[in-house]
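Asker: Sharing target-v2.cif (mmCIF, C-alpha atoms) below.
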```cif
data_work
loop_
_atom_site.group_PDB
_atom_site.id
_atom_site.type_symbol
_atom_site.label_atom_id
_atom_site.label_comp_id
_atom_site.auth_asym_id
_atom_site.auth_seq_id
_atom_site.Cartn_x
_atom_site.Cartn_y
_atom_site.Cartn_z
ATOM 1 C CA MET I 114 14.797 -10.036 -72.530
ATOM 2 C CA THR I 115 11.049 -9.616 -72.082
ATOM 3 C CA ILE I 116 10.380 -12.460 -74.497
ATOM 4 C CA LEU I 117 12.815 -14.666 -72.593
ATOM 5 C CA LYS I 118 11.075 -13.866 -69.286
ATOM 6 C CA LYS I 119 7.667 -14.609 -70.770
ATOM 7 C CA SER I 120 8.965 -17.893 -72.189
ATOM 8 C CA ILE I 121 10.332 -18.969 -68.802
ATOM 9 C CA ILE I 122 7.060 -18.071 -67.065
ATOM 10 C CA ALA I 123 5.075 -19.935 -69.708
ATOM 11 C CA VAL I 124 7.254 -23.047 -69.358
ATOM 12 C CA CYS I 125 6.969 -22.939 -65.546
ATOM 13 C CA ALA I 126 3.189 -22.521 -65.753
ATOM 14 C CA ALA I 127 2.960 -25.452 -68.175
ATOM 15 C CA VAL I 128 5.033 -27.646 -65.864
ATOM 16 C CA VAL I 129 2.901 -26.740 -62.829
ATOM 17 C CA ILE I 130 -0.404 -27.314 -64.648
ATOM 18 C CA THR I 131 0.769 -30.613 -66.161
ATOM 19 C CA SER I 132 2.128 -31.921 -62.866
ATOM 20 C CA THR I 133 -1.086 -30.945 -61.049
ATOM 21 C CA PHE I 134 -3.174 -32.748 -63.663
ATOM 22 C CA PHE I 135 -1.062 -35.891 -63.507
ATOM 23 C CA ASN I 136 -1.097 -35.880 -59.695
ATOM 24 C CA VAL I 137 -4.873 -36.135 -59.799
ATOM 25 C CA ALA I 138 -5.249 -38.419 -62.759
ATOM 26 C CA SER I 139 -2.447 -40.769 -61.832
ATOM 27 C CA ALA I 140 -3.514 -41.359 -58.250
ATOM 28 C CA GLN I 141 -4.004 -44.962 -59.318
ATOM 29 C CA ASP I 142 -1.388 -46.945 -61.241
ATOM 30 C CA THR I 143 -2.659 -46.005 -64.662
ATOM 31 C CA PRO I 144 -4.322 -42.678 -65.405
ATOM 32 C CA MET I 145 -8.084 -42.859 -65.560
ATOM 33 C CA THR I 146 -9.870 -42.349 -68.804
ATOM 34 C CA ASP I 147 -12.796 -39.981 -69.151
ATOM 35 C CA ALA I 148 -15.077 -42.983 -69.586
ATOM 36 C CA GLN I 149 -13.919 -44.421 -66.261
ATOM 37 C CA ILE I 150 -14.419 -41.116 -64.466
ATOM 38 C CA LYS I 151 -17.888 -40.866 -65.989
ATOM 39 C CA GLN I 152 -18.645 -44.419 -64.823
ATOM 40 C CA ILE I 153 -17.539 -43.580 -61.243
ATOM 41 C CA LYS I 154 -19.635 -40.409 -61.174
ATOM 42 C CA GLY I 155 -22.651 -42.324 -62.449
ATOM 43 C CA SER I 156 -22.398 -45.233 -60.024
ATOM 44 C CA CYS I 157 -20.883 -43.675 -56.951
ATOM 45 C CA VAL I 158 -24.115 -42.745 -55.192
ATOM 46 C CA SER I 159 -25.358 -46.336 -55.217
ATOM 47 C CA ALA I 160 -21.825 -47.483 -54.361
ATOM 48 C CA LYS I 161 -21.823 -45.216 -51.321
ATOM 49 C CA ASN I 162 -25.153 -46.680 -50.177
ATOM 50 C CA THR I 163 -23.686 -50.185 -50.433
ATOM 51 C CA MET I 164 -20.562 -49.027 -48.573
ATOM 52 C CA ALA I 165 -22.647 -47.444 -45.800
ATOM 53 C CA GLN I 166 -24.458 -50.764 -45.279
ATOM 54 C CA LEU I 167 -21.130 -52.583 -45.276
ATOM 55 C CA HIS I 168 -19.795 -50.048 -42.773
ATOM 56 C CA ALA I 169 -22.621 -50.862 -40.349
ATOM 57 C CA SER I 170 -22.554 -54.635 -40.851
ATOM 58 C CA ASP I 171 -18.767 -54.787 -40.461
ATOM 59 C CA ALA I 172 -19.003 -52.775 -37.231
ATOM 60 C CA LEU I 173 -21.481 -55.326 -35.887
ATOM 61 C CA LEU I 174 -19.185 -58.142 -37.001
ATOM 62 C CA ARG I 175 -16.244 -56.466 -35.251
ATOM 63 C CA VAL I 176 -18.182 -56.103 -31.987
ATOM 64 C CA ASN I 177 -19.599 -59.632 -31.937
ATOM 65 C CA ARG I 178 -16.531 -61.504 -33.211
ATOM 66 C CA GLY I 179 -14.246 -59.330 -31.088
ATOM 67 C CA GLN I 180 -16.047 -60.417 -27.923
ATOM 68 C CA ILE I 181 -15.589 -64.089 -28.771
ATOM 69 C CA TYR I 182 -11.920 -63.689 -29.750
ATOM 70 C CA GLU I 183 -11.339 -61.731 -26.552
ATOM 71 C CA SER I 184 -12.973 -64.378 -24.380
ATOM 72 C CA MET I 185 -10.827 -67.131 -25.920
ATOM 73 C CA THR I 186 -7.742 -65.608 -24.341
ATOM 74 C CA THR I 187 -9.062 -63.924 -21.189
ATOM 75 C CA LYS I 188 -11.518 -66.602 -20.081
ATOM 76 C CA LEU I 189 -9.762 -69.727 -21.320
ATOM 77 C CA MET I 190 -6.165 -69.707 -22.572
ATOM 78 C CA SER I 191 -4.639 -67.357 -19.963
ATOM 79 C CA ARG I 192 -6.564 -68.982 -17.137
ATOM 80 C CA PHE I 193 -5.549 -72.511 -18.070
ATOM 81 C CA ASN I 194 -1.921 -71.380 -18.426
ATOM 82 C CA ASP I 195 -2.039 -69.745 -14.971
ATOM 83 C CA ARG I 196 -3.513 -72.860 -13.422
ATOM 84 C CA ALA I 197 -0.962 -75.145 -15.019
ATOM 85 C CA THR I 198 1.902 -72.803 -14.119
ATOM 86 C CA SER I 199 0.774 -72.585 -10.513
ATOM 87 C CA SER I 200 0.907 -76.400 -10.446
ATOM 88 C CA HIS I 201 4.602 -76.081 -11.451
ATOM 89 C CA LEU I 202 4.058 -77.657 -14.859
ATOM 90 C CA LYS I 203 5.959 -76.839 -18.017
ATOM 91 C CA THR I 204 3.682 -74.504 -19.981
ATOM 92 C CA ASP I 205 6.169 -72.816 -22.329
ATOM 93 C CA ASP I 206 4.461 -74.033 -25.504
ATOM 94 C CA LEU I 207 0.982 -73.063 -24.295
ATOM 95 C CA VAL I 208 2.213 -69.620 -23.226
ATOM 96 C CA ALA I 209 3.961 -69.099 -26.564
ATOM 97 C CA VAL I 210 0.796 -69.876 -28.538
ATOM 98 C CA ASN I 211 -1.215 -67.639 -26.225
ATOM 99 C CA GLN I 212 1.242 -64.771 -26.730
ATOM 100 C CA ASN I 213 1.043 -65.167 -30.497
ATOM 101 C CA TYR I 214 -2.736 -65.195 -30.276
ATOM 102 C CA ASN I 215 -2.731 -62.009 -28.165
ATOM 103 C CA ALA I 216 -0.346 -60.283 -30.574
ATOM 104 C CA THR I 217 -2.594 -61.188 -33.505
ATOM 105 C CA LEU I 218 -5.654 -59.998 -31.583
ATOM 106 C CA THR I 219 -3.948 -56.632 -31.026
ATOM 107 C CA LEU I 220 -3.154 -56.506 -34.736
ATOM 108 C CA PHE I 221 -6.765 -57.377 -35.567
ATOM 109 C CA ARG I 222 -7.970 -54.452 -33.429
ATOM 110 C CA SER I 223 -5.573 -51.929 -34.988
ATOM 111 C CA ASP I 224 -6.114 -53.203 -38.541
ATOM 112 C CA TYR I 225 -9.875 -52.976 -38.099
ATOM 113 C CA GLN I 226 -9.522 -49.435 -36.767
ATOM 114 C CA ALA I 227 -7.420 -48.463 -39.795
ATOM 115 C CA TYR I 228 -9.977 -50.077 -42.123
ATOM 116 C CA GLU I 229 -12.917 -48.346 -40.433
ATOM 117 C CA GLU I 230 -11.219 -44.954 -40.598
ATOM 118 C CA SER I 231 -10.371 -45.515 -44.244
ATOM 119 C CA LEU I 232 -13.942 -46.528 -45.127
ATOM 120 C CA SER I 233 -15.361 -43.562 -43.174
ATOM 121 C CA ALA I 234 -13.018 -41.233 -45.043
ATOM 122 C CA ALA I 235 -14.154 -42.694 -48.382
ATOM 123 C CA LEU I 236 -17.811 -42.216 -47.428
ATOM 124 C CA LYS I 237 -17.195 -38.535 -46.681
ATOM 125 C CA ILE I 238 -15.786 -37.785 -50.134
ATOM 126 C CA ASP I 239 -18.108 -36.065 -52.594
ATOM 127 C CA CYS I 240 -17.690 -38.641 -55.324
ATOM 128 C CA THR I 241 -19.418 -36.581 -58.012
ATOM 129 C CA LYS I 242 -16.841 -33.817 -57.576
ATOM 130 C CA GLU I 243 -13.791 -35.936 -56.715
ATOM 131 C CA PRO I 244 -14.281 -39.286 -58.479
ATOM 132 C CA VAL I 245 -10.582 -40.195 -58.641
ATOM 133 C CA THR I 246 -9.993 -39.430 -54.952
ATOM 134 C CA PHE I 247 -13.081 -41.467 -54.113
ATOM 135 C CA TYR I 248 -11.904 -44.406 -56.219
ATOM 136 C CA ASP I 249 -8.493 -44.359 -54.514
ATOM 137 C CA ALA I 250 -10.081 -44.138 -51.053
ATOM 138 C CA VAL I 251 -12.253 -47.190 -51.819
ATOM 139 C CA ALA I 252 -9.172 -49.070 -53.043
ATOM 140 C CA ASP I 253 -7.369 -48.199 -49.798
ATOM 141 C CA ALA I 254 -10.305 -49.381 -47.659
ATOM 142 C CA ARG I 255 -10.488 -52.573 -49.730
ATOM 143 C CA ARG I 256 -6.805 -53.313 -49.100
ATOM 144 C CA LYS I 257 -7.213 -52.716 -45.364
ATOM 145 C CA ARG I 258 -10.304 -54.930 -45.167
ATOM 146 C CA THR I 259 -8.316 -57.751 -46.764
ATOM 147 C CA GLN I 260 -5.715 -57.306 -44.023
ATOM 148 C CA VAL I 261 -8.416 -57.653 -41.348
ATOM 149 C CA HIS I 262 -9.490 -60.947 -42.948
ATOM 150 C CA VAL I 263 -5.877 -62.150 -42.881
ATOM 151 C CA ASP I 264 -5.826 -61.421 -39.128
ATOM 152 C CA VAL I 265 -9.051 -63.405 -38.654
ATOM 153 C CA ILE I 266 -7.544 -66.406 -40.465
ATOM 154 C CA ARG I 267 -4.446 -66.201 -38.247
ATOM 155 C CA LEU I 268 -6.602 -66.020 -35.098
ATOM 156 C CA HIS I 269 -8.466 -69.159 -36.180
ATOM 157 C CA GLN I 270 -5.129 -70.840 -36.827
ATOM 158 C CA PHE I 271 -3.879 -69.966 -33.333
ATOM 159 C CA ILE I 272 -7.111 -71.284 -31.804
ATOM 160 C CA ASP I 273 -6.384 -74.627 -33.495
ATOM 161 C CA ASP I 274 -2.707 -74.438 -32.487
ATOM 162 C CA TYR I 275 -3.609 -73.896 -28.854
ATOM 163 C CA LYS I 276 -5.947 -76.880 -28.937
ATOM 164 C CA SER I 277 -3.296 -79.199 -30.368
ATOM 165 C CA THR I 278 -0.668 -77.856 -27.920
ATOM 166 C CA PHE I 279 -3.126 -78.395 -25.081
ATOM 167 C CA GLU I 280 -3.749 -82.013 -26.151
ATOM 168 C CA SER I 281 0.013 -82.682 -26.292
ATOM 169 C CA PHE I 282 0.367 -81.110 -22.849
ATOM 170 C CA VAL I 283 -2.444 -83.272 -21.465
ATOM 171 C CA THR I 284 -0.993 -86.445 -23.011
ATOM 172 C CA ASP I 285 2.389 -85.734 -21.399
ATOM 173 C CA TYR I 286 0.863 -84.699 -18.075
ATOM 174 C CA LEU I 287 -1.540 -87.612 -17.737
ATOM 175 C CA GLY I 288 1.211 -89.975 -18.903
ATOM 176 C CA LEU I 289 3.436 -88.765 -16.079
ATOM 177 C CA ASN I 290 0.625 -89.052 -13.533
ATOM 178 C CA GLY I 291 -0.701 -92.453 -14.569
ATOM 179 C CA GLY I 292 -3.897 -91.041 -16.062
ATOM 180 C CA ASN I 293 -5.156 -89.527 -12.822
ATOM 181 C CA GLY I 294 -3.765 -85.997 -13.171
ATOM 182 C CA MET J 18 -26.020 8.765 19.496
ATOM 183 C CA ASP J 19 -25.025 7.666 16.069
ATOM 184 C CA ASP J 20 -23.003 4.362 16.128
ATOM 185 C CA LYS J 21 -22.422 4.257 12.418
ATOM 186 C CA VAL J 22 -18.884 3.302 11.561
ATOM 187 C CA GLU J 23 -17.480 4.624 8.369
ATOM 188 C CA MET J 24 -15.919 1.792 6.346
ATOM 189 C CA PRO J 25 -12.994 2.784 4.235
ATOM 190 C CA GLN J 26 -13.925 2.656 0.543
ATOM 191 C CA THR J 27 -11.429 0.601 -1.459
ATOM 192 C CA GLU J 28 -11.153 0.754 -5.175
ATOM 193 C CA LEU J 29 -12.040 -2.695 -6.766
ATOM 194 C CA SER J 30 -9.936 -3.798 -9.694
ATOM 195 C CA PHE J 31 -11.475 -4.939 -13.007
ATOM 196 C CA TRP J 32 -11.008 -8.648 -12.153
ATOM 197 C CA ASP J 33 -12.468 -8.162 -8.661
ATOM 198 C CA GLN J 34 -15.557 -6.644 -10.179
ATOM 199 C CA HIS J 35 -15.921 -9.473 -12.720
ATOM 200 C CA ARG J 36 -14.785 -12.429 -10.653
ATOM 201 C CA TYR J 37 -17.980 -14.452 -11.249
ATOM 202 C CA LEU J 38 -17.650 -14.018 -14.981
ATOM 203 C CA LEU J 39 -14.008 -15.054 -14.664
ATOM 204 C CA LEU J 40 -15.022 -18.149 -12.672
ATOM 205 C CA ILE J 41 -17.576 -19.125 -15.323
ATOM 206 C CA ALA J 42 -15.125 -18.521 -18.178
ATOM 207 C CA ILE J 43 -12.395 -20.622 -16.531
ATOM 208 C CA SER J 44 -14.913 -23.398 -15.768
ATOM 209 C CA ILE J 45 -16.045 -23.466 -19.398
ATOM 210 C CA ALA J 46 -12.436 -23.495 -20.625
ATOM 211 C CA ILE J 47 -11.554 -26.439 -18.325
ATOM 212 C CA ALA J 48 -14.703 -28.307 -19.392
ATOM 213 C CA MET J 49 -13.877 -27.771 -23.077
ATOM 214 C CA PHE J 50 -10.314 -28.950 -22.540
ATOM 215 C CA LEU J 51 -11.488 -32.123 -20.764
ATOM 216 C CA VAL J 52 -14.065 -32.814 -23.479
ATOM 217 C CA GLY J 53 -11.279 -32.463 -26.063
ATOM 218 C CA VAL J 54 -9.088 -34.933 -24.180
ATOM 219 C CA SER J 55 -12.026 -37.358 -23.857
ATOM 220 C CA MET J 56 -12.840 -37.136 -27.557
ATOM 221 C CA ALA J 57 -9.196 -37.708 -28.487
ATOM 222 C CA LEU J 58 -9.098 -40.818 -26.285
ATOM 223 C CA TYR J 59 -12.445 -42.014 -27.655
ATOM 224 C CA THR J 60 -11.262 -41.640 -31.241
ATOM 225 C CA ASN J 61 -7.678 -42.862 -30.919
ATOM 226 C CA SER J 62 -8.242 -45.804 -28.581
ATOM 227 C CA GLY J 63 -10.527 -47.616 -31.022
ATOM 228 C CA ALA J 64 -13.544 -47.220 -28.718
ATOM 229 C CA ALA J 65 -15.320 -45.236 -31.436
ATOM 230 C CA GLN J 66 -15.207 -48.264 -33.724
ATOM 231 C CA LEU J 67 -16.997 -50.365 -31.087
ATOM 232 C CA ASP J 68 -19.664 -47.775 -30.355
ATOM 233 C CA LEU J 69 -22.775 -48.939 -32.150
ATOM 234 C CA SER J 70 -24.849 -46.087 -30.695
ATOM 235 C CA ARG J 71 -23.299 -43.731 -33.242
ATOM 236 C CA PRO J 72 -25.466 -42.392 -36.048
ATOM 237 C CA GLY J 73 -25.659 -44.826 -38.955
ATOM 238 C CA TYR J 74 -25.562 -47.957 -36.819
ATOM 239 C CA SER J 75 -29.129 -47.912 -35.512
ATOM 240 C CA ALA J 76 -30.120 -50.751 -37.865
ATOM 241 C CA VAL J 77 -27.557 -53.140 -36.377
ATOM 242 C CA THR J 78 -27.483 -52.009 -32.735
ATOM 243 C CA SER J 79 -30.117 -54.536 -31.678
ATOM 244 C CA GLN J 80 -28.104 -57.404 -33.190
ATOM 245 C CA ALA J 81 -25.054 -56.781 -31.043
ATOM 246 C CA VAL J 82 -24.365 -59.468 -28.460
ATOM 247 C CA LYS J 83 -24.819 -57.651 -25.156
ATOM 248 C CA ASN J 84 -23.003 -60.225 -23.062
ATOM 249 C CA ASP J 85 -21.293 -63.474 -23.835
ATOM 250 C CA ASN J 86 -22.151 -65.129 -20.540
ATOM 251 C CA ASP J 87 -23.270 -68.511 -21.780
ATOM 252 C CA PHE J 88 -20.194 -70.031 -20.206
ATOM 253 C CA ASP J 89 -18.303 -69.342 -17.005
ATOM 254 C CA ASN J 90 -14.672 -68.352 -16.771
ATOM 255 C CA TYR J 91 -12.379 -71.304 -16.384
ATOM 256 C CA SER J 92 -10.972 -71.169 -12.874
ATOM 257 C CA ASN J 93 -7.302 -70.180 -12.834
ATOM 258 C CA SER J 94 -6.642 -71.847 -9.488
ATOM 259 C CA GLY J 95 -6.951 -75.323 -8.080
ATOM 260 C CA ALA J 96 -5.461 -78.711 -8.776
ATOM 261 C CA LEU J 97 -5.089 -79.861 -12.351
ATOM 262 C CA ASP J 98 -6.754 -83.259 -12.556
ATOM 263 C CA LYS J 99 -8.647 -85.193 -15.191
ATOM 264 C CA THR J 100 -11.958 -83.556 -14.262
ATOM 265 C CA SER J 101 -10.600 -80.013 -14.559
ATOM 266 C CA ILE J 102 -8.858 -80.875 -17.843
ATOM 267 C CA ASP J 103 -12.089 -82.314 -19.264
ATOM 268 C CA GLU J 104 -13.958 -79.226 -18.099
ATOM 269 C CA PHE J 105 -11.467 -76.998 -19.905
ATOM 270 C CA ARG J 106 -11.654 -79.111 -23.058
ATOM 271 C CA THR J 107 -15.453 -78.854 -23.129
ATOM 272 C CA LEU J 108 -15.417 -75.075 -22.625
ATOM 273 C CA TYR J 109 -12.621 -74.553 -25.140
ATOM 274 C CA ASP J 110 -14.190 -76.693 -27.856
ATOM 275 C CA ARG J 111 -17.515 -74.919 -27.501
ATOM 276 C CA GLN J 112 -16.005 -71.446 -27.667
ATOM 277 C CA ALA J 113 -13.592 -72.391 -30.473
ATOM 278 C CA THR J 114 -16.515 -73.665 -32.548
ATOM 279 C CA LYS J 115 -18.277 -70.328 -32.023
ATOM 280 C CA ALA J 116 -15.140 -68.351 -32.875
ATOM 281 C CA LYS J 117 -14.530 -70.233 -36.110
ATOM 282 C CA ALA J 118 -18.179 -70.462 -37.147
ATOM 283 C CA VAL J 119 -17.935 -67.234 -39.128
ATOM 284 C CA ASP J 120 -15.142 -66.457 -41.558
ATOM 285 C CA ALA J 121 -15.394 -62.764 -40.761
ATOM 286 C CA PHE J 122 -14.460 -60.098 -43.324
ATOM 287 C CA LYS J 123 -14.266 -62.677 -46.071
ATOM 288 C CA GLY J 124 -15.197 -61.751 -49.606
ATOM 289 C CA ASP J 125 -14.486 -58.618 -51.552
ATOM 290 C CA PRO J 126 -17.485 -56.293 -51.305
ATOM 291 C CA LEU J 127 -15.295 -53.250 -52.061
ATOM 292 C CA ASP J 128 -14.177 -54.620 -55.401
ATOM 293 C CA PRO J 129 -14.692 -51.774 -57.934
ATOM 294 C CA ALA J 130 -16.490 -54.243 -60.210
ATOM 295 C CA ALA J 131 -18.919 -55.178 -57.409
ATOM 296 C CA LEU J 132 -19.551 -51.496 -56.704
ATOM 297 C CA GLU J 133 -19.868 -50.846 -60.457
ATOM 298 C CA LEU J 134 -17.085 -48.268 -60.293
ATOM 299 C CA SER J 135 -15.075 -49.864 -63.072
ATOM 300 C CA LEU J 136 -16.036 -50.120 -66.685
ATOM 301 C CA PRO J 137 -17.659 -53.415 -67.683
ATOM 302 C CA ALA J 138 -15.186 -55.758 -69.382
ATOM 303 C CA ASN J 139 -15.780 -56.043 -73.108
#
```
For the file at hand, write its structure as structure tokens.

Answerer:
Amino acid sequence: MTILKKSIIAVCAAVVITSTFFNVASAQDTPMTDAQIKQIKGSCVSAKNTMAQLHASDALLRVNRGQIYESMTTKLMSRFNDRATSSHLKTDDLVAVNQNYNATLTLFRSDYQAYEESLSAALKIDCTKEPVTFYDAVADARRKRTQVHVDVIRLHQFIDDYKSTFESFVTDYLGLNGGNG
Amino acid sequence: MDDKVEMPQTELSFWDQHRYLLLIAISIAIAMFLVGVSMALYTNSGAAQLDLSRPGYSAVTSQAVKNDNDFDNYSNSGALDKTSIDEFRTLYDRQATKAKAVDAFKGDPLDPAALELSLPAN
């Protein structure tokens, strides 16, 4: 009976230890080798310096680009739409593009916030003690930064879309009014 | 003649005796609560990400565009004629060129290979 108890305890302990080990080592798709972990520990201090610089330069980029993207809608698109609407003109297409632009701008803000929080979290990790966690945190920040770039591309696309919609609107409007508006 | 009036002596409770301390303690508690609410708003609203006065950003603070006032708002009222349309086109083209001048967040600086976190390929 005692032997059976000891066997059960030993099996349970083995399962717990093994699962704990694999939880750490398999945080990425394939378990890390000792050589990889050694490489991360050796390079992570310089990597963190590079990431800290990126953190600051991306924040500056967010502030400066954000102002321009914001002004495109608040100072131009919305105002032109209001003016055209108040003249009782059909602005459905312009409004639709503007709404898509605003939705993407909101997404850009939230995606950047998620990226910044992820990068900050990665920078706080003691990479010499937790190399696998650090590696995973960097991978997460990398994925989120890619998403921010996707949002930027979409914003640029909507800026072009609004311009072409505006030109179509103007062609129709001036055509109706004999070129005098 | 002695006009002294004897005032009745009332027993003060613990909180009556320490009412100033109580006032200070409640004031501090309210202040701490409001600071907590402010910090939660600051963090969760995304304002923290735009705050370049935080530690670690001193190198880039001076490069932030303080105001983007090189063009006026397009007026949202008035008649829509050829002049106002041309004015909008000029403003829009200028701002669109600025917006698209930088392909922000391009590249892959967090690639493990770039950060030398992965083993060199043999």

Asker: For the provided coordinates, the residues matched by the PyMOL selection byres ((chain I) within 8 of (chain J)) should be stated as a count of residues only.

Answerer: 58

Asker: Identify which of the residues I:Thr146, I:Asn211, I:Ala235, I:Pro244 lies closest to Thr187 of chain I, counting only C-alpha atoms when measuring atom-to-atom distances.

Answerer: I:Asn211

Asker: If you measure from atom CA of His168 of chain I to atom CA of Asp147 of chain I, what distance in Å do you get, rounded to one decimal?

Answerer: 29.1 Å

Asker: Can you work out the spacing between atom CA of Phe282 of chain I and atom CA of Gly179 of chain I in Å, to one decimal?

Answerer: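 Spanning atom CA of Phe282 of chain I to atom CA of Gly179 of chain I is a straight-line distance of 27.5 Å.
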
Asker: To one decimal place, how far is atom CA of Val158 of chain I from atom CA of Ser231 of chain I in Å?

Answerer: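 Between atom CA of Val158 of chain I and atom CA of Ser231 of chain I the gap is 17.8 Å.
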
Asker: Is it possible to get the axis-aligned box enclosing segment 98-117 of chain J (all listed atoms, 3 Å extra per side) as lines of an AutoDock Vina configuration file, with centre and edge lengths in Å rounded to one decimal?

Answerer:
```
center_x = -12.5
center_y = -76.8
center_z = -24.3
size_x = 17.5
size_y = 22.8
size_z = 29.6
```

Asker: Given the file shown, determine the residues that the PyMOL selection byres ((chain I and resi 207) around 9) selects; report them as a PyMOL selection string.

Answerer: chain I and resi 190+194+203-206+208-212+275+278-279+282

Asker: Please produce segment 225-231 of chain I, completed to all heavy atoms, as a PDB file, in the coordinates of the input.

Answerer:
```
ATOM      1  N   TYR I 225      -8.462 -53.318 -37.902  1.00  0.00           N
ATOM      2  CA  TYR I 225      -9.875 -52.976 -38.099  1.00  0.00           C
ATOM      3  C   TYR I 225     -10.070 -51.473 -37.958  1.00  0.00           C
ATOM      4  O   TYR I 225     -10.815 -50.864 -38.734  1.00  0.00           O
ATOM      5  CB  TYR I 225     -10.804 -53.724 -37.120  1.00  0.00           C
ATOM      6  CG  TYR I 225     -12.232 -53.296 -37.331  1.00  0.00           C
ATOM      7  CD1 TYR I 225     -12.978 -53.833 -38.370  1.00  0.00           C
ATOM      8  CD2 TYR I 225     -12.789 -52.252 -36.592  1.00  0.00           C
ATOM      9  CE1 TYR I 225     -14.251 -53.376 -38.645  1.00  0.00           C
ATOM     10  CE2 TYR I 225     -14.063 -51.787 -36.862  1.00  0.00           C
ATOM     11  CZ  TYR I 225     -14.788 -52.358 -37.881  1.00  0.00           C
ATOM     12  OH  TYR I 225     -16.047 -51.888 -38.171  1.00  0.00           O
ATOM     13  N   GLN I 226      -9.399 -50.886 -36.976  1.00  0.00           N
ATOM     14  CA  GLN I 226      -9.522 -49.435 -36.767  1.00  0.00           C
ATOM     15  C   GLN I 226      -9.068 -48.675 -38.020  1.00  0.00           C
ATOM     16  O   GLN I 226      -9.729 -47.737 -38.467  1.00  0.00           O
ATOM     17  CB  GLN I 226      -8.698 -49.004 -35.552  1.00  0.00           C
ATOM     18  CG  GLN I 226      -8.929 -47.550 -35.176  1.00  0.00           C
ATOM     19  CD  GLN I 226      -8.181 -47.131 -33.918  1.00  0.00           C
ATOM     20  OE1 GLN I 226      -7.633 -47.971 -33.220  1.00  0.00           O
ATOM     21  NE2 GLN I 226      -8.164 -45.869 -33.623  1.00  0.00           N
ATOM     22  N   ALA I 227      -7.934 -49.118 -38.573  1.00  0.00           N
ATOM     23  CA  ALA I 227      -7.420 -48.463 -39.795  1.00  0.00           C
ATOM     24  C   ALA I 227      -8.416 -48.620 -40.943  1.00  0.00           C
ATOM     25  O   ALA I 227      -8.667 -47.671 -41.699  1.00  0.00           O
ATOM     26  CB  ALA I 227      -6.074 -49.074 -40.172  1.00  0.00           C
ATOM     27  N   TYR I 228      -8.988 -49.821 -41.056  1.00  0.00           N
ATOM     28  CA  TYR I 228      -9.977 -50.077 -42.123  1.00  0.00           C
ATOM     29  C   TYR I 228     -11.214 -49.201 -41.944  1.00  0.00           C
ATOM     30  O   TYR I 228     -11.684 -48.575 -42.892  1.00  0.00           O
ATOM     31  CB  TYR I 228     -10.352 -51.571 -42.130  1.00  0.00           C
ATOM     32  CG  TYR I 228     -11.691 -51.864 -42.752  1.00  0.00           C
ATOM     33  CD1 TYR I 228     -11.941 -51.606 -44.101  1.00  0.00           C
ATOM     34  CD2 TYR I 228     -12.744 -52.393 -41.992  1.00  0.00           C
ATOM     35  CE1 TYR I 228     -13.185 -51.860 -44.665  1.00  0.00           C
ATOM     36  CE2 TYR I 228     -13.972 -52.645 -42.550  1.00  0.00           C
ATOM     37  CZ  TYR I 228     -14.195 -52.375 -43.878  1.00  0.00           C
ATOM     38  OH  TYR I 228     -15.434 -52.613 -44.435  1.00  0.00           O
ATOM     39  N   GLU I 229     -11.699 -49.126 -40.694  1.00  0.00           N
ATOM     40  CA  GLU I 229     -12.917 -48.346 -40.433  1.00  0.00           C
ATOM     41  C   GLU I 229     -12.684 -46.872 -40.735  1.00  0.00           C
ATOM     42  O   GLU I 229     -13.534 -46.204 -41.326  1.00  0.00           O
ATOM     43  CB  GLU I 229     -13.347 -48.553 -38.983  1.00  0.00           C
ATOM     44  CG  GLU I 229     -14.789 -48.151 -38.688  1.00  0.00           C
ATOM     45  CD  GLU I 229     -14.959 -46.668 -38.386  1.00  0.00           C
ATOM     46  OE1 GLU I 229     -13.952 -45.999 -38.081  1.00  0.00           O
ATOM     47  OE2 GLU I 229     -16.074 -46.160 -38.478  1.00  0.00           O
ATOM     48  N   GLU I 230     -11.525 -46.368 -40.344  1.00  0.00           N
ATOM     49  CA  GLU I 230     -11.219 -44.954 -40.598  1.00  0.00           C
ATOM     50  C   GLU I 230     -11.111 -44.687 -42.097  1.00  0.00           C
ATOM     51  O   GLU I 230     -11.552 -43.662 -42.594  1.00  0.00           O
ATOM     52  CB  GLU I 230      -9.915 -44.574 -39.885  1.00  0.00           C
ATOM     53  CG  GLU I 230     -10.099 -44.413 -38.385  1.00  0.00           C
ATOM     54  CD  GLU I 230      -8.794 -44.307 -37.595  1.00  0.00           C
ATOM     55  OE1 GLU I 230      -7.709 -44.387 -38.221  1.00  0.00           O
ATOM     56  OE2 GLU I 230      -8.864 -44.182 -36.373  1.00  0.00           O
ATOM     57  N   SER I 231     -10.534 -45.656 -42.794  1.00  0.00           N
ATOM     58  CA  SER I 231     -10.371 -45.515 -44.244  1.00  0.00           C
ATOM     59  C   SER I 231     -11.733 -45.520 -44.951  1.00  0.00           C
ATOM     60  O   SER I 231     -11.984 -44.708 -45.845  1.00  0.00           O
ATOM     61  CB  SER I 231      -9.498 -46.666 -44.741  1.00  0.00           C
ATOM     62  OG  SER I 231      -9.262 -46.551 -46.088  1.00  0.00           O
TER      63      SER I 231
END
```
